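Visitor: Have a look at this one.
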Amino acid sequence: MRYLPCILLMVLATAVVAIEPSEMFEDPAQEARAREIGQQLRCLVCRNQSIFDSNAGLAYDMRVAVRERMTAGDSDAEVLDYLKDRFGDYVLLNPPLSWYTIVLWFSPVVLLLIGGFVVVGYMRGRPRSELDDKSEFIS
């Protein structure tokens, strides 16, 4: 019971918003569009958080870049392409299918299959044990 205030404080501390009020658009429609774009972008420091969920400095810079590109009149796709060209495909939370991602996803399966063939080949090629040889002579 005496730990309850500490637990509540820790839970409430995680609800801190990463976005500063000074960087938000005044127009709610533009702000919603910026957040929609930002939810597709990965924070490169935090890895699996969007730039709007992260407090990292790089995420702040990326949020500013999104807003600057929107202010310049870029479409959603142009903003995403700008950041993708600058940081690579990894900046997208859902990266496009490419040869690199195919190799990344299917290499464990291929390695397991190769390992299975090696084990089967080893088991077939090894000599029979002495116990098997003795049982043939007994019967």
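Ordered as shown in the structure tokens, chains take letters A, B, and onward, while each chain numbers its residues from 1 and ligands are numbered from 1 in the order shown.
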Find the spatial neighbours of stretch 72-76 of chain A, counting only C-alpha atoms, within a cut-off of 9 Å - ignore same-chain residues fewer than 3 positions away - and output them as a list in words.

Guide: Arg33, Ala34, Glu36, Ile37, Arg67, Glu68, Arg69, Val79, Leu80 and Asp81 of chain A

Visitor: Restrict the selected residues to N, CA, C and O atoms and save them as an mmCIF file, in the first residue's frame.

Guide:
data_model
loop_
_atom_site.group_PDB
_atom_site.id
_atom_site.type_symbol
_atom_site.label_atom_id
_atom_site.label_comp_id
_atom_site.auth_asym_id
_atom_site.auth_seq_id
_atom_site.Cartn_x
_atom_site.Cartn_y
_atom_site.Cartn_z
ATOM 1 N N ARG A 33 -3.054 16.213 -40.315
ATOM 2 C CA ARG A 33 -2.300 15.714 -41.471
ATOM 3 C C ARG A 33 -0.840 15.474 -41.091
ATOM 4 O O ARG A 33 -0.250 14.447 -41.462
ATOM 5 N N ALA A 34 -0.251 16.378 -40.332
ATOM 6 C CA ALA A 34 1.137 16.215 -39.893
ATOM 7 C C ALA A 34 1.284 14.980 -39.013
ATOM 8 O O ALA A 34 2.250 14.219 -39.138
ATOM 9 N N GLU A 36 -0.656 12.344 -39.077
ATOM 10 C CA GLU A 36 -0.859 11.163 -39.923
ATOM 11 C C GLU A 36 0.428 10.811 -40.664
ATOM 12 O O GLU A 36 0.801 9.638 -40.765
ATOM 13 N N ILE A 37 1.122 11.820 -41.166
ATOM 14 C CA ILE A 37 2.404 11.580 -41.835
ATOM 15 C C ILE A 37 3.424 11.075 -40.821
ATOM 16 O O ILE A 37 4.163 10.121 -41.075
ATOM 17 N N ARG A 67 6.822 19.410 -40.868
ATOM 18 C CA ARG A 67 6.032 20.647 -40.872
ATOM 19 C C ARG A 67 6.569 21.654 -41.898
ATOM 20 O O ARG A 67 5.797 22.353 -42.547
ATOM 21 N N GLU A 68 7.888 21.718 -42.054
ATOM 22 C CA GLU A 68 8.467 22.631 -43.048
ATOM 23 C C GLU A 68 8.082 22.212 -44.458
ATOM 24 O O GLU A 68 7.747 23.059 -45.292
ATOM 25 N N ARG A 69 8.128 20.914 -44.750
ATOM 26 C CA ARG A 69 7.763 20.437 -46.077
ATOM 27 C C ARG A 69 6.276 20.660 -46.341
ATOM 28 O O ARG A 69 5.884 20.985 -47.461
ATOM 29 N N VAL A 79 6.447 14.487 -48.839
ATOM 30 C CA VAL A 79 7.080 14.613 -47.521
ATOM 31 C C VAL A 79 7.743 13.294 -47.143
ATOM 32 O O VAL A 79 8.895 13.264 -46.690
ATOM 33 N N LEU A 80 7.036 12.180 -47.335
ATOM 34 C CA LEU A 80 7.597 10.869 -47.015
ATOM 35 C C LEU A 80 8.811 10.562 -47.899
ATOM 36 O O LEU A 80 9.812 10.022 -47.420
ATOM 37 N N ASP A 81 8.730 10.910 -49.183
ATOM 38 C CA ASP A 81 9.861 10.680 -50.085
ATOM 39 C C ASP A 81 11.069 11.519 -49.687
ATOM 40 O O ASP A 81 12.209 11.055 -49.771
#

Visitor: Determine, counting only C-alpha atoms, which protein, DNA and RNA residues have an atom within 9 Å of an atom of A:Asn94; residues of the same chain fewer than 4 positions away are not included. Present the result as a PyMOL selection string.

Guide: chain A and resi 40-42+89-90

Visitor: Grab the residues selected above and save them as a CSV table (one decimal), in the first residue's frame with N, CA, C and O atoms.

Guide:
chain,number,residue,atom,x,y,z
A,40,GLN,N,3.7,7.4,-39.7
A,40,GLN,CA,4.3,6.5,-40.7
A,40,GLN,C,5.8,6.5,-40.6
A,40,GLN,O,6.5,5.7,-41.3
A,41,LEU,N,6.4,7.4,-39.8
A,41,LEU,CA,7.8,7.6,-39.8
A,41,LEU,C,8.4,7.1,-38.5
A,41,LEU,O,7.9,7.4,-37.4
A,42,ARG,N,9.5,6.4,-38.5
A,42,ARG,CA,10.1,5.8,-37.4
A,42,ARG,C,11.2,6.7,-36.8
A,42,ARG,O,11.9,7.4,-37.5
A,89,ASP,N,15.2,3.8,-46.4
A,89,ASP,CA,13.9,3.1,-46.2
A,89,ASP,C,13.6,2.8,-44.8
A,89,ASP,O,12.4,2.6,-44.4
A,90,TYR,N,14.6,2.7,-43.9
A,90,TYR,CA,14.4,2.3,-42.5
A,90,TYR,C,13.6,3.4,-41.8
A,90,TYR,O,13.0,3.0,-40.7

Visitor: Separation of atom CA of A:Val109 and atom CA of A:Lys84, in Å?

Guide: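 Atom-to-atom, atom CA of A:Val109 and atom CA of A:Lys84 are spaced 29.0 Å apart.
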
Visitor: Taking only C-alpha atoms into account, which of A:Leu44, A:Leu112, A:Val103, A:Ala29 comes nearest A:Met70?

Guide: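 Distance minimum relative to A:Met70 lands on A:Ala29.
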
Visitor: To one decimal place in Å, what is the distance between atom CA of A:Val66 and atom CA of A:Arg35?

Guide: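 Separation between atom CA of A:Val66 and atom CA of A:Arg35: 9.3 Å.
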
Visitor: Work out how far atom CA of A:Tyr100 is from atom CA of A:Ala77, in Å to one decimal.

Guide: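 Distance reported for this atom pair: 22.1 Å.
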
Visitor: Name all residues at most 12 Å from A:Val91 (count only C-alpha atoms; drop same-chain ones fewer than 4 positions away) and give them as a PDB file with C-alpha atoms, in the first residue's frame.

Guide:
ATOM      1  CA  ILE A  37       2.404  11.580 -41.835  1.00  0.00           C
ATOM      2  CA  GLY A  38       4.433  11.343 -38.637  1.00  0.00           C
ATOM      3  CA  GLN A  39       2.766   8.086 -37.593  1.00  0.00           C
ATOM      4  CA  GLN A  40       4.297   6.508 -40.704  1.00  0.00           C
ATOM      5  CA  LEU A  41       7.833   7.606 -39.769  1.00  0.00           C
ATOM      6  CA  ARG A  42      10.133   5.759 -37.365  1.00  0.00           C
ATOM      7  CA  CYS A  43      12.250   7.527 -34.785  1.00  0.00           C
ATOM      8  CA  LEU A  44      15.773   6.422 -35.649  1.00  0.00           C
ATOM      9  CA  VAL A  45      16.863   6.703 -32.010  1.00  0.00           C
ATOM     10  CA  CYS A  46      13.942   4.871 -30.374  1.00  0.00           C
ATOM     11  CA  ARG A  47      13.582   2.345 -33.219  1.00  0.00           C
ATOM     12  CA  ASN A  48       9.942   1.244 -32.987  1.00  0.00           C
ATOM     13  CA  GLN A  49       8.274   4.498 -32.036  1.00  0.00           C
ATOM     14  CA  SER A  50       6.881   7.018 -34.444  1.00  0.00           C
ATOM     15  CA  ILE A  51       8.423  10.471 -34.470  1.00  0.00           C
ATOM     16  CA  LEU A  58      16.284  13.562 -33.910  1.00  0.00           C
ATOM     17  CA  ALA A  59      12.535  12.900 -33.737  1.00  0.00           C
ATOM     18  CA  MET A  62      12.114  15.112 -38.174  1.00  0.00           C
ATOM     19  CA  LEU A  80       7.597  10.869 -47.015  1.00  0.00           C
ATOM     20  CA  ASP A  81       9.861  10.680 -50.085  1.00  0.00           C
ATOM     21  CA  TYR A  82      11.919  13.626 -48.816  1.00  0.00           C
ATOM     22  CA  LEU A  83      12.565  11.936 -45.476  1.00  0.00           C
ATOM     23  CA  LYS A  84      13.094   8.534 -47.120  1.00  0.00           C
ATOM     24  CA  ASP A  85      15.712  10.051 -49.456  1.00  0.00           C
ATOM     25  CA  ARG A  86      17.408  11.687 -46.499  1.00  0.00           C
ATOM     26  CA  PHE A  87      17.363   8.755 -44.032  1.00  0.00           C
ATOM     27  CA  PRO A  95       9.153  -0.213 -45.447  1.00  0.00           C
ATOM     28  CA  PRO A  96       8.440  -1.231 -49.043  1.00  0.00           C
TER      29      PRO A  96
END
